[in-house]
file query-v1.pdb (PDB, C-alpha atoms, pLDDT in the B column)
ATOM      1  CA  MET A   1     118.344 120.374  63.305  1.00 38.00           C
ATOM      2  CA  GLY A   2     116.823 119.508  66.746  1.00 41.00           C
ATOM      3  CA  THR A   3     116.446 121.662  69.791  1.00 44.00           C
ATOM      4  CA  SER A   4     119.259 122.022  72.244  1.00 43.00           C
ATOM      5  CA  ALA A   5     117.451 119.655  74.619  1.00 40.00           C
ATOM      6  CA  SER A   6     117.198 116.913  72.032  1.00 44.00           C
ATOM      7  CA  MET A   7     120.931 117.189  71.439  1.00 47.00           C
ATOM      8  CA  GLY A   8     121.594 116.389  75.109  1.00 53.00           C
ATOM      9  CA  THR A   9     122.119 119.828  76.617  1.00 71.00           C
ATOM     10  CA  ASN A  10     119.796 121.760  78.908  1.00 88.00           C
ATOM     11  CA  MET A  11     116.017 121.556  78.777  1.00 93.00           C
ATOM     12  CA  LYS A  12     113.346 123.544  80.554  1.00 94.00           C
ATOM     13  CA  ILE A  13     110.995 121.928  83.014  1.00 94.00           C
ATOM     14  CA  GLY A  14     108.147 121.790  80.488  1.00 95.00           C
ATOM     15  CA  GLU A  15     110.184 119.702  78.072  1.00 95.00           C
ATOM     16  CA  LEU A  16     111.467 117.503  80.902  1.00 96.00           C
ATOM     17  CA  ALA A  17     107.877 117.005  82.055  1.00 96.00           C
ATOM     18  CA  ALA A  18     106.744 116.098  78.545  1.00 96.00           C
ATOM     19  CA  ARG A  19     109.623 113.690  77.969  1.00 96.00           C
ATOM     20  CA  SER A  20     109.291 112.013  81.378  1.00 96.00           C
ATOM     21  CA  GLY A  21     105.488 111.880  81.435  1.00 96.00           C
ATOM     22  CA  MET A  22     105.515 113.575  84.859  1.00 96.00           C
ATOM     23  CA  ALA A  23     103.931 116.840  85.859  1.00 97.00           C
ATOM     24  CA  ALA A  24     106.231 119.824  86.337  1.00 96.00           C
ATOM     25  CA  SER A  25     104.977 120.074  89.914  1.00 97.00           C
ATOM     26  CA  THR A  26     106.111 116.477  90.533  1.00 97.00           C
ATOM     27  CA  ILE A  27     109.566 117.280  89.185  1.00 96.00           C
ATOM     28  CA  ARG A  28     109.795 120.347  91.435  1.00 95.00           C
ATOM     29  CA  TYR A  29     108.661 118.210  94.390  1.00 96.00           C
ATOM     30  CA  TYR A  30     111.337 115.571  93.697  1.00 96.00           C
ATOM     31  CA  GLU A  31     113.914 118.341  93.486  1.00 94.00           C
ATOM     32  CA  GLN A  32     112.711 119.817  96.790  1.00 94.00           C
ATOM     33  CA  GLU A  33     112.828 116.366  98.440  1.00 94.00           C
ATOM     34  CA  GLY A  34     116.405 115.740  97.319  1.00 92.00           C
ATOM     35  CA  LEU A  35     115.612 113.020  94.783  1.00 95.00           C
ATOM     36  CA  LEU A  36     116.950 115.230  92.014  1.00 94.00           C
ATOM     37  CA  PRO A  37     119.847 117.677  92.073  1.00 91.00           C
ATOM     38  CA  LYS A  38     118.914 121.350  92.206  1.00 91.00           C
ATOM     39  CA  ALA A  39     118.283 122.625  88.706  1.00 91.00           C
ATOM     40  CA  SER A  40     120.509 125.323  87.325  1.00 91.00           C
ATOM     41  CA  ARG A  41     118.819 128.554  86.353  1.00 90.00           C
ATOM     42  CA  GLY A  42     119.070 130.283  83.016  1.00 86.00           C
ATOM     43  CA  ALA A  43     119.510 134.043  82.668  1.00 88.00           C
ATOM     44  CA  ASN A  44     115.729 134.281  82.509  1.00 90.00           C
ATOM     45  CA  GLY A  45     115.397 132.492  85.880  1.00 89.00           C
ATOM     46  CA  TYR A  46     113.887 129.338  84.415  1.00 90.00           C
ATOM     47  CA  ARG A  47     115.034 125.969  85.698  1.00 89.00           C
ATOM     48  CA  THR A  48     117.184 124.041  83.258  1.00 93.00           C
ATOM     49  CA  TYR A  49     117.875 120.333  83.462  1.00 94.00           C
ATOM     50  CA  GLN A  50     120.434 117.950  82.003  1.00 93.00           C
ATOM     51  CA  GLU A  51     119.624 114.729  80.172  1.00 93.00           C
ATOM     52  CA  SER A  52     120.793 112.836  83.283  1.00 92.00           C
ATOM     53  CA  THR A  53     117.802 114.293  85.151  1.00 95.00           C
ATOM     54  CA  LEU A  54     115.485 112.494  82.735  1.00 95.00           C
ATOM     55  CA  GLU A  55     117.311 109.249  83.498  1.00 93.00           C
ATOM     56  CA  GLN A  56     116.900 109.853  87.242  1.00 94.00           C
ATOM     57  CA  LEU A  57     113.182 110.550  86.773  1.00 96.00           C
ATOM     58  CA  ASN A  58     112.853 107.270  84.881  1.00 95.00           C
ATOM     59  CA  LEU A  59     114.579 105.440  87.773  1.00 93.00           C
ATOM     60  CA  ILE A  60     112.265 107.118  90.289  1.00 96.00           C
ATOM     61  CA  ASP A  61     109.254 106.096  88.193  1.00 96.00           C
ATOM     62  CA  VAL A  62     110.430 102.471  87.969  1.00 95.00           C
ATOM     63  CA  GLY A  63     111.098 102.398  91.724  1.00 95.00           C
ATOM     64  CA  GLN A  64     107.644 103.718  92.528  1.00 95.00           C
ATOM     65  CA  LYS A  65     105.973 101.258  90.161  1.00 96.00           C
ATOM     66  CA  LEU A  66     107.802  98.477  92.018  1.00 95.00           C
ATOM     67  CA  GLY A  67     106.396  99.777  95.308  1.00 95.00           C
ATOM     68  CA  PHE A  68     109.490 101.428  96.768  1.00 95.00           C
ATOM     69  CA  SER A  69     109.095 104.455  99.024  1.00 94.00           C
ATOM     70  CA  LEU A  70     110.652 107.758  98.026  1.00 95.00           C
ATOM     71  CA  ASP A  71     113.058 107.388 100.964  1.00 94.00           C
ATOM     72  CA  ALA A  72     114.266 104.034  99.639  1.00 93.00           C
ATOM     73  CA  ILE A  73     114.623 105.484  96.137  1.00 94.00           C
ATOM     74  CA  ARG A  74     116.531 108.486  97.512  1.00 94.00           C
ATOM     75  CA  THR A  75     118.954 106.154  99.286  1.00 92.00           C
ATOM     76  CA  VAL A  76     119.643 104.142  96.132  1.00 91.00           C
ATOM     77  CA  LEU A  77     120.064 107.265  94.003  1.00 90.00           C
ATOM     78  CA  GLY A  78     122.818 108.381  96.383  1.00 90.00           C
ATOM     79  CA  LEU A  79     124.844 105.180  95.945  1.00 91.00           C
ATOM     80  CA  GLN A  80     127.563 104.475  93.400  1.00 91.00           C
ATOM     81  CA  GLY A  81     129.687 101.549  92.270  1.00 91.00           C
ATOM     82  CA  ALA A  82     129.620  98.368  94.358  1.00 92.00           C
ATOM     83  CA  ALA A  83     127.515 100.106  97.013  1.00 94.00           C
ATOM     84  CA  LEU A  84     124.875 100.751  94.340  1.00 91.00           C
ATOM     85  CA  GLN A  85     124.832  97.092  93.347  1.00 93.00           C
ATOM     86  CA  ASP A  86     124.617  95.948  96.974  1.00 94.00           C
ATOM     87  CA  GLY A  87     121.969  98.568  97.765  1.00 92.00           C
ATOM     88  CA  LEU A  88     119.849  97.561  94.797  1.00 92.00           C
ATOM     89  CA  LEU A  89     119.993  93.871  95.681  1.00 94.00           C
ATOM     90  CA  GLN A  90     119.205  94.538  99.352  1.00 94.00           C
ATOM     91  CA  GLY A  91     116.326  96.796  98.384  1.00 93.00           C
ATOM     92  CA  LEU A  92     114.932  94.257  95.952  1.00 95.00           C
ATOM     93  CA  ASP A  93     115.216  91.452  98.501  1.00 97.00           C
ATOM     94  CA  ALA A  94     113.496  93.572 101.157  1.00 94.00           C
ATOM     95  CA  ARG A  95     110.687  94.489  98.756  1.00 95.00           C
ATOM     96  CA  LEU A  96     110.251  90.844  97.754  1.00 97.00           C
ATOM     97  CA  GLY A  97     109.919  89.967 101.450  1.00 97.00           C
ATOM     98  CA  GLU A  98     107.268  92.678 101.875  1.00 96.00           C
ATOM     99  CA  ILE A  99     105.367  91.365  98.868  1.00 97.00           C
ATOM    100  CA  ASP A 100     105.546  87.787 100.183  1.00 98.00           C
ATOM    101  CA  GLY A 101     104.106  88.985 103.494  1.00 98.00           C
ATOM    102  CA  LEU A 102     101.321  90.887 101.743  1.00 97.00           C
ATOM    103  CA  MET A 103     100.519  87.880  99.578  1.00 98.00           C
ATOM    104  CA  ALA A 104     100.292  85.621 102.639  1.00 98.00           C
ATOM    105  CA  THR A 105      98.012  88.116 104.390  1.00 97.00           C
ATOM    106  CA  LEU A 106      95.809  88.412 101.306  1.00 97.00           C
ATOM    107  CA  ALA A 107      95.657  84.625 100.892  1.00 97.00           C
ATOM    108  CA  ASN A 108      94.509  84.278 104.522  1.00 96.00           C
ATOM    109  CA  GLN A 109      91.909  87.016 104.078  1.00 95.00           C
ATOM    110  CA  ARG A 110      90.692  85.443 100.850  1.00 95.00           C
ATOM    111  CA  GLN A 111      90.263  82.060 102.512  1.00 94.00           C
ATOM    112  CA  ALA A 112      88.435  83.643 105.454  1.00 90.00           C
ATOM    113  CA  LEU A 113      86.080  85.383 103.025  1.00 89.00           C
ATOM    114  CA  LEU A 114      85.433  82.176 101.107  1.00 91.00           C
ATOM    115  CA  ASP A 115      84.748  80.318 104.365  1.00 88.00           C
ATOM    116  CA  ALA A 116      82.398  83.060 105.581  1.00 84.00           C
ATOM    117  CA  ARG A 117      80.574  83.094 102.252  1.00 86.00           C
ATOM    118  CA  GLU A 118      80.133  79.316 102.324  1.00 87.00           C
ATOM    119  CA  ARG A 119      78.825  79.331 105.909  1.00 82.00           C
ATOM    120  CA  LEU A 120      76.377  82.119 105.120  1.00 81.00           C
ATOM    121  CA  GLN A 121      75.053  80.316 102.071  1.00 84.00           C
ATOM    122  CA  GLU A 122      74.653  77.083 104.059  1.00 84.00           C
ATOM    123  CA  ALA A 123      72.872  78.904 106.899  1.00 80.00           C
ATOM    124  CA  TRP A 124      70.546  80.719 104.519  1.00 80.00           C
ATOM    125  CA  ALA A 125      69.786  77.491 102.652  1.00 86.00           C
ATOM    126  CA  GLN A 126      68.671  76.026 106.014  1.00 84.00           C
ATOM    127  CA  GLY A 127      66.502  79.069 106.774  1.00 79.00           C
ATOM    128  CA  GLN A 128      68.862  80.383 109.439  1.00 73.00           C
ATOM    129  CA  CYS A 129      70.108  83.951 109.847  1.00 70.00           C
ATOM    130  CA  LEU A 130      73.425  85.419 110.805  1.00 65.00           C
ATOM    131  CA  ASN A 131      73.573  86.533 114.413  1.00 65.00           C
ATOM    132  CA  LYS A 132      74.782  90.081 113.635  1.00 67.00           C
ATOM    133  CA  MET A 133      75.667  90.951 117.211  1.00 65.00           C
ATOM    134  CA  GLU A 134      77.910  87.923 117.585  1.00 52.00           C
ATOM    135  CA  LEU A 135      79.674  88.647 114.292  1.00 55.00           C
ATOM    136  CA  ALA A 136      80.241  92.294 115.264  1.00 59.00           C
ATOM    137  CA  ARG A 137      81.646  91.227 118.660  1.00 54.00           C
ATOM    138  CA  ARG A 138      84.043  88.634 117.238  1.00 53.00           C
ATOM    139  CA  GLY A 139      85.185  90.467 114.106  1.00 55.00           C
ATOM    140  CA  PRO A 140      86.337  89.136 110.754  1.00 56.00           C
ATOM    141  CA  GLY A 141      87.874  85.705 110.430  1.00 51.00           C
ATOM    142  CA  CYS A 142      85.731  84.210 113.185  1.00 52.00           C
ATOM    143  CA  ASP A 143      83.405  81.311 112.806  1.00 51.00           C
ATOM    144  CA  ILE A 144      80.095  82.732 111.687  1.00 48.00           C
ATOM    145  CA  GLU A 145      77.392  81.758 114.088  1.00 47.00           C
ATOM    146  CA  VAL A 146      73.849  81.512 112.941  1.00 44.00           C
ATOM    147  CA  ALA A 147      70.645  81.692 114.857  1.00 43.00           C
ATOM    148  CA  ALA A 148      67.450  80.004 113.814  1.00 41.00           C
ATOM    149  CA  VAL A 149      64.831  82.617 113.235  1.00 39.00           C
ATOM    150  CA  ALA A 150      61.263  81.608 112.872  1.00 36.00           C
ATOM    151  CA  GLY A 151      59.828  83.074 109.720  1.00 42.00           C
ATOM    152  CA  GLY A 152      63.115  83.757 107.900  1.00 46.00           C
ATOM    153  CA  CYS A 153      65.695  86.540 107.917  1.00 53.00           C
ATOM    154  CA  ASP A 154      65.101  90.223 108.341  1.00 52.00           C
ATOM    155  CA  ALA A 155      65.858  92.266 105.222  1.00 45.00           C
TER     156      ALA A 155
END

call {"tool": "encode", "arguments": {"input": "query-v1.pdb", "output": "structure tokens"}}
result
Amino acid sequence: MGTSASMGTNMKIGELAARSGMAASTIRYYEQEGLLPKASRGANGYRTYQESTLEQLNLIDVGQKLGFSLDAIRTVLGLQGAALQDGLLQGLDARLGEIDGLMATLANQRQALLDARERLQEAWAQGQCLNKMELARRGPGCDIEVAAVAGGCDA
């Protein structure tokens, strides 16, 4: 016969931590932050948790892996019924918009890096050096200016 926790009743924080793959301190933090309901206490003073707490921890874990903030996860955990469905869809759409923005920013940065790399290689192939002061003044993404230096580049 299994333990009481494996039969769906109460479990101590150590078992919940083992089953969820989260540290006990993380579970206590989520409880303190209102992501989980307050645990009941046994006669010995130990926290005891229901099986539903494991399900909530799994939802929190999925939300974090998808890049949602704890505040956003807390909001969704507080919803029920149609509001839950609407909240989930709105949250997913918002996160997709954030990801699209990040991808556009990264694509622009990647192209700027490729352009800078190409200009540097061309300048060095012609025996020219990067004008470091000009680059520092103009920042990333600018056209890299080169200055002819007699005798090659400084190391």

call {"tool": "atom_distance", "arguments": {"input": "query-v1.pdb", "atom1": "CA of Ala104 in chain A", "atom2": "CA of Gln121 in chain A"}}
result
25.8 Å

call {"tool": "closest_residue", "arguments": {"input": "query-v1.pdb", "among": "A:Gln90, A:Gln111, A:Asn10, A:Ser69", "to": "Tyr46 in chain A", "atoms": "all atoms listed in the file"}}
result
A:Asn10

call {"tool": "residues_around", "arguments": {"input": "query-v1.pdb", "residues": "Leu57 in chain A", "least_positions_apart": "2", "cutoff": "9 Å", "atoms": "all atoms listed in the file", "output": "VMD selection string"}}
result
chain A and resid 20 22 27 30 35 to 36 52 to 55 59 to 62

call {"tool": "write_last_selection", "arguments": {"input": "query-v1.pdb", "atoms": "C-alpha atoms", "output": "PDB file, keeping the file's coordinate frame"}}
result
ATOM      1  CA  SER A  20     109.291 112.013  81.378  1.00 96.00           C
ATOM      2  CA  MET A  22     105.515 113.575  84.859  1.00 96.00           C
ATOM      3  CA  ILE A  27     109.566 117.280  89.185  1.00 96.00           C
ATOM      4  CA  TYR A  30     111.337 115.571  93.697  1.00 96.00           C
ATOM      5  CA  LEU A  35     115.612 113.020  94.783  1.00 95.00           C
ATOM      6  CA  LEU A  36     116.950 115.230  92.014  1.00 94.00           C
ATOM      7  CA  SER A  52     120.793 112.836  83.283  1.00 92.00           C
ATOM      8  CA  THR A  53     117.802 114.293  85.151  1.00 95.00           C
ATOM      9  CA  LEU A  54     115.485 112.494  82.735  1.00 95.00           C
ATOM     10  CA  GLU A  55     117.311 109.249  83.498  1.00 93.00           C
ATOM     11  CA  LEU A  59     114.579 105.440  87.773  1.00 93.00           C
ATOM     12  CA  ILE A  60     112.265 107.118  90.289  1.00 96.00           C
ATOM     13  CA  ASP A  61     109.254 106.096  88.193  1.00 96.00           C
ATOM     14  CA  VAL A  62     110.430 102.471  87.969  1.00 95.00           C
TER      15      VAL A  62
END

call {"tool": "resolve_selection", "arguments": {"input": "query-v1.pdb", "expression": "the PyMOL selection byres ((chain A and resi 88) around 10)", "output": "list of chain:residue names"}}
result
A:Ala72, A:Ile73, A:Thr75, A:Val76, A:Leu77, A:Leu79, A:Ala82, A:Ala83, A:Leu84, A:Gln85, A:Asp86, A:Gly87, A:Leu89, A:Gln90, A:Gly91, A:Leu92, A:Asp93, A:Ala94

call {"tool": "closest_residue", "arguments": {"input": "query-v1.pdb", "among": "A:Cys129, A:Ile13, A:Leu113, A:Ala107", "to": "Thr48 in chain A", "atoms": "all atoms listed in the file"}}
result
A:Ile13

call {"tool": "resolve_selection", "arguments": {"input": "query-v1.pdb", "expression": "the PyMOL selection byres ((chain A and resi 49) around 7)", "output": "ChimeraX atom specification"}}
result
/A:10-12,39-40,47-48,50-51,53

call {"tool": "atom_distance", "arguments": {"input": "query-v1.pdb", "atom1": "CA of Arg28 in chain A", "atom2": "CA of Gly81 in chain A"}}
result
27.4 Å

call {"tool": "atom_distance", "arguments": {"input": "query-v1.pdb", "atom1": "CA of Gly78 in chain A", "atom2": "CA of Glu15 in chain A"}}
result
25.0 Å
